[in-house]
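Asker: Below you will find the structure I want to go over with you.
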Amino acid sequence: MEQFASLIAASINAGTPLLLAALGLLINERAGVLNLGAEGMMLVAAIAGFAVGYTTHSPMLGFLAGALSGVLMAALFSWLALVLATNQVATGLALSIFGAGLSAFIGQRFVGLALPSQTLSIPVLKDIPFLGQALFQQHWMSYLALLLCAAIGWFIYRTRAGLILRAVGESPESAHALGYPVRLIRFAALLFGGACCGLAGAYLSLVYTPMWVEGLVSGRGWIALALTAFATWRPARVLLGALLFGGVTILQFYLQGIGVTLPSQILSMLPYVATIVVLALISRNPDWIRLNMPASLGKPFKPGAS
């Protein structure tokens, strides 16, 4: 039971950055914008968070720096995709490549440095058998991610602002005809998504792996993108998917620990193989995806078009 509790705790830890990034991307896509730059945003945020956290000895400032860098990267994407009306797919891919190069350049002097591990135990609750070890010894950012998931679900389905956001994603021309500022709403959604990806990147370098190495994100931005489709753009399913993929990530270490004789390279492939399998299974039913996907996802908005 103790090993199982440890596995659950590690899965939550590994799933937290996926959950944060996927929630931000979900808001982007609910607004009708496809941002494939999550990997680049997370990389820049990871080095920004680590650099500030290491030099100031303040993890909180590190998280703020990560969120701010994610917002700035999202603002760059917004200017290109919304103002200049560039292709969203090409712009997102360029942002990922740019973020990978920029983070590697900035992070040269921080390679090999490490931060002390951060842990949190909730008094009283941490002493509950099994549940205390599994659920109540996480970093505070994990609990914030859970609260954010609930808040986004409430916002999307229970508020007028959420209804407007969904309307912009479904039919921007109709929303514009009703007087809603479509580009401004999409811009705000992108900045929020950038902040979430920034927090996810900072979590990786400050908490999950408290150090900086080039390529630290290791494809998690792409997994977060896949999570939004896997969850059919619903926050509760994003949470379940993040925990699932987090568990698959931790499974490789668990299998090595119990002596499974498989090459480490094959075990390291597990999260990415799981992503491909899930996407392949989802793609078998295109009608199901089409019914749940925002109708204007990835399409440019042209005021005056009908």
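Labeling convention for the structure tokens: chains A, B, ... as they appear, residues from 1 per chain, ligands from 1 in order of appearance.
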Which residues come within 7 Å of stretch 215-229 of chain A, counting only C-alpha atoms, excluding same-chain residues fewer than 4 positions away, as JSON, numbers by chain?

Answerer: {"A": [18, 21, 22, 25, 26, 38, 39, 42, 43, 233, 238, 241, 275]}

Asker: Please write the residues from the selection above to a file, keeping C-alpha atoms, as a PDB file, in the first residue's frame.

Answerer:
```
ATOM      1  CA  LEU A  18       0.621  18.882 -17.882  1.00  0.00           C
ATOM      2  CA  ALA A  21      -0.396  23.837 -19.567  1.00  0.00           C
ATOM      3  CA  ALA A  22      -3.429  21.942 -20.896  1.00  0.00           C
ATOM      4  CA  LEU A  25      -4.415  25.702 -24.027  1.00  0.00           C
ATOM      5  CA  LEU A  26      -8.026  24.686 -23.441  1.00  0.00           C
ATOM      6  CA  ALA A  38       3.294  25.512 -25.833  1.00  0.00           C
ATOM      7  CA  GLU A  39       6.622  23.678 -25.871  1.00  0.00           C
ATOM      8  CA  MET A  42       7.254  26.268 -21.349  1.00  0.00           C
ATOM      9  CA  LEU A  43      10.972  26.139 -22.150  1.00  0.00           C
ATOM     10  CA  TRP A 233     -12.031  20.461 -24.435  1.00  0.00           C
ATOM     11  CA  VAL A 238      -8.197  17.397 -18.744  1.00  0.00           C
ATOM     12  CA  GLY A 241      -5.920  12.927 -18.634  1.00  0.00           C
ATOM     13  CA  THR A 275       0.067   9.955 -26.434  1.00  0.00           C
TER      14      THR A 275
END
```

Asker: Need to verify the contact set: A:Ser103, 9 Å, only C-alpha atoms, exclusion of same-chain residues closer than 6 positions in sequence. Can you return it as a PyMOL selection string?

Answerer: chain A and resi 40+43-48+214-215

Asker: A:Met1, A:Trp288, A:Leu270, A:Ala145: which is nearest A:Pro129, counting only C-alpha atoms?

Answerer: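 Ranking A:Met1, A:Trp288, A:Leu270, A:Ala145 by distance to A:Pro129, first place goes to A:Met1.
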
Asker: Neighbours of A:Leu115 within 12 Å (only C-alpha atoms; same-chain residues fewer than 3 positions away dropped), as a ChimeraX atom specification?

Answerer: /A:49-59,62,110-112,118,204-212

Asker: Let me make sure I understand: among A:Arg30, A:Leu191, A:Val213, A:Val124, which one has the smallest atom-to-atom distance to A:Gln108 if we use only C-alpha atoms?

Answerer: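 The shortest atom-to-atom distance to A:Gln108 comes from A:Val213.
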
Asker: Give me the residues within 8 Å of stretch 185-188 of chain A as number ranges by chain, counting only C-alpha atoms and dropping any in the same chain fewer than 2 places off.

Answerer: A: 28, 31-33, 75, 78, 82, 165, 168, 181-183, 190-192

Asker: Store the residues picked out above in a file with N, CA, C and O atoms, as a PDB file, in the first residue's frame.

Answerer:
```pdb
ATOM      1  N   ASN A  28      -7.404  28.793 -24.726  1.00  0.00           N
ATOM      2  CA  ASN A  28      -7.048  29.269 -26.066  1.00  0.00           C
ATOM      3  C   ASN A  28      -7.974  28.671 -27.115  1.00  0.00           C
ATOM      4  O   ASN A  28      -8.517  29.389 -27.970  1.00  0.00           O
ATOM      5  N   ALA A  31     -11.540  29.669 -27.290  1.00  0.00           N
ATOM      6  CA  ALA A  31     -11.699  30.964 -27.951  1.00  0.00           C
ATOM      7  C   ALA A  31     -11.467  30.866 -29.453  1.00  0.00           C
ATOM      8  O   ALA A  31     -11.555  31.880 -30.158  1.00  0.00           O
ATOM      9  N   GLY A  32     -11.147  29.661 -29.948  1.00  0.00           N
ATOM     10  CA  GLY A  32     -10.981  29.465 -31.383  1.00  0.00           C
ATOM     11  C   GLY A  32      -9.564  29.642 -31.886  1.00  0.00           C
ATOM     12  O   GLY A  32      -9.349  29.723 -33.091  1.00  0.00           O
ATOM     13  N   VAL A  33      -8.570  29.697 -30.983  1.00  0.00           N
ATOM     14  CA  VAL A  33      -7.176  29.904 -31.390  1.00  0.00           C
ATOM     15  C   VAL A  33      -6.367  28.639 -31.114  1.00  0.00           C
ATOM     16  O   VAL A  33      -6.402  28.105 -30.002  1.00  0.00           O
ATOM     17  N   ALA A  75       1.984  36.921 -25.986  1.00  0.00           N
ATOM     18  CA  ALA A  75       1.725  38.219 -26.611  1.00  0.00           C
ATOM     19  C   ALA A  75       2.364  38.293 -27.993  1.00  0.00           C
ATOM     20  O   ALA A  75       1.777  38.853 -28.934  1.00  0.00           O
ATOM     21  N   SER A  78       0.182  36.346 -30.217  1.00  0.00           N
ATOM     22  CA  SER A  78      -1.060  37.089 -30.449  1.00  0.00           C
ATOM     23  C   SER A  78      -0.869  38.156 -31.519  1.00  0.00           C
ATOM     24  O   SER A  78      -1.726  38.342 -32.397  1.00  0.00           O
ATOM     25  N   LEU A  82      -3.118  37.282 -34.507  1.00  0.00           N
ATOM     26  CA  LEU A  82      -4.358  38.050 -34.467  1.00  0.00           C
ATOM     27  C   LEU A  82      -4.265  39.376 -35.210  1.00  0.00           C
ATOM     28  O   LEU A  82      -5.216  39.784 -35.883  1.00  0.00           O
ATOM     29  N   LEU A 165     -17.010  33.526 -24.322  1.00  0.00           N
ATOM     30  CA  LEU A 165     -15.780  32.891 -24.798  1.00  0.00           C
ATOM     31  C   LEU A 165     -16.097  31.734 -25.735  1.00  0.00           C
ATOM     32  O   LEU A 165     -15.501  31.602 -26.812  1.00  0.00           O
ATOM     33  N   VAL A 168     -17.343  33.008 -29.079  1.00  0.00           N
ATOM     34  CA  VAL A 168     -16.246  33.481 -29.922  1.00  0.00           C
ATOM     35  C   VAL A 168     -15.544  32.298 -30.593  1.00  0.00           C
ATOM     36  O   VAL A 168     -15.135  32.380 -31.755  1.00  0.00           O
ATOM     37  N   PRO A 181     -15.981  42.177 -28.728  1.00  0.00           N
ATOM     38  CA  PRO A 181     -14.648  42.384 -29.339  1.00  0.00           C
ATOM     39  C   PRO A 181     -13.899  41.060 -29.477  1.00  0.00           C
ATOM     40  O   PRO A 181     -13.173  40.644 -28.572  1.00  0.00           O
ATOM     41  N   VAL A 182     -14.064  40.406 -30.595  1.00  0.00           N
ATOM     42  CA  VAL A 182     -13.543  39.052 -30.780  1.00  0.00           C
ATOM     43  C   VAL A 182     -12.031  39.010 -30.603  1.00  0.00           C
ATOM     44  O   VAL A 182     -11.497  38.160 -29.872  1.00  0.00           O
ATOM     45  N   ARG A 183     -11.319  39.906 -31.242  1.00  0.00           N
ATOM     46  CA  ARG A 183      -9.860  39.879 -31.163  1.00  0.00           C
ATOM     47  C   ARG A 183      -9.382  40.151 -29.744  1.00  0.00           C
ATOM     48  O   ARG A 183      -8.416  39.546 -29.275  1.00  0.00           O
ATOM     49  N   LEU A 190      -5.370  34.145 -24.969  1.00  0.00           N
ATOM     50  CA  LEU A 190      -3.998  33.734 -25.258  1.00  0.00           C
ATOM     51  C   LEU A 190      -3.044  34.127 -24.131  1.00  0.00           C
ATOM     52  O   LEU A 190      -2.140  33.363 -23.776  1.00  0.00           O
ATOM     53  N   LEU A 191      -3.236  35.306 -23.566  1.00  0.00           N
ATOM     54  CA  LEU A 191      -2.375  35.718 -22.454  1.00  0.00           C
ATOM     55  C   LEU A 191      -2.587  34.815 -21.242  1.00  0.00           C
ATOM     56  O   LEU A 191      -1.617  34.452 -20.550  1.00  0.00           O
ATOM     57  N   PHE A 192      -3.831  34.462 -20.979  1.00  0.00           N
ATOM     58  CA  PHE A 192      -4.102  33.533 -19.873  1.00  0.00           C
ATOM     59  C   PHE A 192      -3.443  32.185 -20.136  1.00  0.00           C
ATOM     60  O   PHE A 192      -2.826  31.590 -19.243  1.00  0.00           O
TER      61      PHE A 192
END
```

Asker: From a DSSP calculation on the backbone, collect every residue of stretch 62-295 of chain A in helix (DSSP H, G or I) and output the set as a ChimeraX atom specification.

Answerer: /A:62-83,88-110,125-127,131-135,140-158,160-170,172-177,182-208,220-230,235-257,264-268,270-283,286-292

Asker: Find the residues near A:Leu93: any atom within 9 Å, counting only C-alpha atoms, skip ones fewer than 5 places away on the same chain, and give them as a PyMOL selection string.

Answerer: chain A and resi 35-37+40+88+98

Asker: Could the residues in this selection be saved with all heavy atoms as a short mmCIF file (atom, residue, chain, number, x, y, z; two decimals), in the first residue's frame?

Answerer:
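To be explicit, this is the file written out as out-v6.cif:
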```cif
data_model
loop_
_atom_site.label_atom_id
_atom_site.label_comp_id
_atom_site.auth_asym_id
_atom_site.auth_seq_id
_atom_site.Cartn_x
_atom_site.Cartn_y
_atom_site.Cartn_z
N ASN A 35 -2.79 27.31 -30.63
CA ASN A 35 -1.42 27.74 -30.35
C ASN A 35 -0.54 26.51 -30.15
O ASN A 35 -0.62 25.85 -29.11
CB ASN A 35 -1.39 28.64 -29.11
CG ASN A 35 0.00 29.20 -28.84
OD1 ASN A 35 0.95 28.89 -29.55
ND2 ASN A 35 0.12 30.01 -27.81
N LEU A 36 0.27 26.20 -31.14
CA LEU A 36 1.17 25.06 -31.06
C LEU A 36 2.51 25.42 -30.43
O LEU A 36 3.44 24.63 -30.47
CB LEU A 36 1.41 24.47 -32.46
CG LEU A 36 0.18 23.96 -33.21
CD1 LEU A 36 0.59 23.37 -34.55
CD2 LEU A 36 -0.57 22.93 -32.38
N GLY A 37 2.59 26.60 -29.84
CA GLY A 37 3.86 27.06 -29.27
C GLY A 37 4.04 26.72 -27.81
O GLY A 37 4.94 27.28 -27.16
N GLY A 40 7.64 25.76 -26.66
CA GLY A 40 8.56 26.87 -26.60
C GLY A 40 8.28 27.79 -25.42
O GLY A 40 9.19 28.27 -24.75
N GLN A 88 -1.89 30.22 -38.01
CA GLN A 88 -1.73 29.87 -36.60
C GLN A 88 -0.84 28.65 -36.41
O GLN A 88 -0.04 28.59 -35.46
CB GLN A 88 -3.09 29.65 -35.96
CG GLN A 88 -3.93 30.92 -35.85
CD GLN A 88 -5.28 30.69 -35.21
OE1 GLN A 88 -5.51 29.66 -34.57
NE2 GLN A 88 -6.19 31.64 -35.37
N PHE A 98 11.61 28.86 -31.73
CA PHE A 98 12.23 30.05 -31.16
C PHE A 98 12.45 29.88 -29.65
O PHE A 98 13.51 30.22 -29.12
CB PHE A 98 11.34 31.27 -31.43
CG PHE A 98 11.77 32.52 -30.71
CD1 PHE A 98 12.92 33.19 -31.08
CD2 PHE A 98 11.01 33.02 -29.66
CE1 PHE A 98 13.32 34.35 -30.42
CE2 PHE A 98 11.39 34.17 -28.99
CZ PHE A 98 12.56 34.83 -29.38
#
```

Asker: Fewer than 3 positions away in the same chain doesn't count, so skip those; otherwise give me all residues within 10 Å of A:Glu173, counting only C-alpha atoms, as a PyMOL selection string.

Answerer: chain A and resi 167-170+176-180+182+296+301-306

Asker: Residues as selected, N, CA, C and O atoms, written as a PDB file, in the first residue's frame, can you do that?

Answerer:
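New file result-v8.pdb:
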```
ATOM      1  N   ALA A 167     -18.842  31.341 -27.434  1.00  0.00           N
ATOM      2  CA  ALA A 167     -19.456  31.876 -28.652  1.00  0.00           C
ATOM      3  C   ALA A 167     -18.389  32.375 -29.617  1.00  0.00           C
ATOM      4  O   ALA A 167     -18.499  32.174 -30.840  1.00  0.00           O
ATOM      5  N   VAL A 168     -17.343  33.008 -29.079  1.00  0.00           N
ATOM      6  CA  VAL A 168     -16.246  33.481 -29.922  1.00  0.00           C
ATOM      7  C   VAL A 168     -15.544  32.298 -30.593  1.00  0.00           C
ATOM      8  O   VAL A 168     -15.135  32.380 -31.755  1.00  0.00           O
ATOM      9  N   GLY A 169     -15.417  31.191 -29.872  1.00  0.00           N
ATOM     10  CA  GLY A 169     -14.782  30.016 -30.453  1.00  0.00           C
ATOM     11  C   GLY A 169     -15.649  29.291 -31.455  1.00  0.00           C
ATOM     12  O   GLY A 169     -15.143  28.686 -32.399  1.00  0.00           O
ATOM     13  N   GLU A 170     -16.963  29.355 -31.264  1.00  0.00           N
ATOM     14  CA  GLU A 170     -17.875  28.646 -32.162  1.00  0.00           C
ATOM     15  C   GLU A 170     -18.186  29.451 -33.416  1.00  0.00           C
ATOM     16  O   GLU A 170     -18.177  28.936 -34.524  1.00  0.00           O
ATOM     17  N   HIS A 176     -19.102  38.890 -33.170  1.00  0.00           N
ATOM     18  CA  HIS A 176     -18.748  40.248 -33.594  1.00  0.00           C
ATOM     19  C   HIS A 176     -19.999  41.049 -33.969  1.00  0.00           C
ATOM     20  O   HIS A 176     -20.106  42.244 -33.633  1.00  0.00           O
ATOM     21  N   ALA A 177     -20.946  40.401 -34.627  1.00  0.00           N
ATOM     22  CA  ALA A 177     -22.180  41.079 -35.016  1.00  0.00           C
ATOM     23  C   ALA A 177     -22.990  41.509 -33.800  1.00  0.00           C
ATOM     24  O   ALA A 177     -23.726  42.505 -33.855  1.00  0.00           O
ATOM     25  N   LEU A 178     -22.849  40.784 -32.699  1.00  0.00           N
ATOM     26  CA  LEU A 178     -23.552  41.134 -31.468  1.00  0.00           C
ATOM     27  C   LEU A 178     -22.807  42.202 -30.660  1.00  0.00           C
ATOM     28  O   LEU A 178     -23.274  42.604 -29.593  1.00  0.00           O
ATOM     29  N   GLY A 179     -21.641  42.622 -31.155  1.00  0.00           N
ATOM     30  CA  GLY A 179     -20.919  43.704 -30.502  1.00  0.00           C
ATOM     31  C   GLY A 179     -19.790  43.271 -29.587  1.00  0.00           C
ATOM     32  O   GLY A 179     -19.226  44.106 -28.868  1.00  0.00           O
ATOM     33  N   TYR A 180     -19.429  41.981 -29.593  1.00  0.00           N
ATOM     34  CA  TYR A 180     -18.342  41.518 -28.731  1.00  0.00           C
ATOM     35  C   TYR A 180     -16.996  41.687 -29.435  1.00  0.00           C
ATOM     36  O   TYR A 180     -16.880  41.368 -30.631  1.00  0.00           O
ATOM     37  N   VAL A 182     -14.064  40.406 -30.595  1.00  0.00           N
ATOM     38  CA  VAL A 182     -13.543  39.052 -30.780  1.00  0.00           C
ATOM     39  C   VAL A 182     -12.031  39.010 -30.603  1.00  0.00           C
ATOM     40  O   VAL A 182     -11.497  38.160 -29.872  1.00  0.00           O
ATOM     41  N   SER A 296     -14.527  27.181 -34.884  1.00  0.00           N
ATOM     42  CA  SER A 296     -13.606  28.084 -35.571  1.00  0.00           C
ATOM     43  C   SER A 296     -12.157  27.862 -35.179  1.00  0.00           C
ATOM     44  O   SER A 296     -11.307  28.708 -35.447  1.00  0.00           O
ATOM     45  N   PHE A 301      -9.947  35.170 -37.899  1.00  0.00           N
ATOM     46  CA  PHE A 301     -11.171  35.960 -37.834  1.00  0.00           C
ATOM     47  C   PHE A 301     -11.059  37.161 -38.750  1.00  0.00           C
ATOM     48  O   PHE A 301     -10.087  37.913 -38.674  1.00  0.00           O
ATOM     49  N   LYS A 302     -12.059  37.333 -39.613  1.00  0.00           N
ATOM     50  CA  LYS A 302     -12.058  38.447 -40.547  1.00  0.00           C
ATOM     51  C   LYS A 302     -13.305  39.287 -40.307  1.00  0.00           C
ATOM     52  O   LYS A 302     -14.410  38.875 -40.674  1.00  0.00           O
ATOM     53  N   PRO A 303     -13.169  40.424 -39.643  1.00  0.00           N
ATOM     54  CA  PRO A 303     -14.342  41.268 -39.382  1.00  0.00           C
ATOM     55  C   PRO A 303     -15.058  41.634 -40.688  1.00  0.00           C
ATOM     56  O   PRO A 303     -14.424  41.934 -41.700  1.00  0.00           O
ATOM     57  N   GLY A 304     -16.359  41.524 -40.648  1.00  0.00           N
ATOM     58  CA  GLY A 304     -17.143  41.862 -41.829  1.00  0.00           C
ATOM     59  C   GLY A 304     -17.523  40.647 -42.653  1.00  0.00           C
ATOM     60  O   GLY A 304     -18.426  40.707 -43.477  1.00  0.00           O
ATOM     61  N   ALA A 305     -16.797  39.490 -42.423  1.00  0.00           N
ATOM     62  CA  ALA A 305     -17.155  38.259 -43.146  1.00  0.00           C
ATOM     63  C   ALA A 305     -18.400  37.651 -42.534  1.00  0.00           C
ATOM     64  O   ALA A 305     -18.664  37.772 -41.355  1.00  0.00           O
ATOM     65  N   SER A 306     -19.135  36.981 -43.295  1.00  0.00           N
ATOM     66  CA  SER A 306     -20.348  36.356 -42.804  1.00  0.00           C
ATOM     67  C   SER A 306     -20.508  34.976 -43.420  1.00  0.00           C
ATOM     68  O   SER A 306     -19.868  34.643 -44.390  1.00  0.00           O
TER      69      SER A 306
END
```

Asker: Which is closer to A:Gly247 than all the others in A:Gly15, A:Gln3, A:Ile282, A:Trp140, using only C-alpha atoms?

Answerer: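 Of the candidates, the smallest distance to A:Gly247 is held by A:Gly15.
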
Asker: Using only C-alpha atoms, determine which residues lie at most 12 Å from A:Leu146, disregarding the query and same-chain residues fewer than 5 positions distant; provide the list as a count of residues only.

Answerer: 24
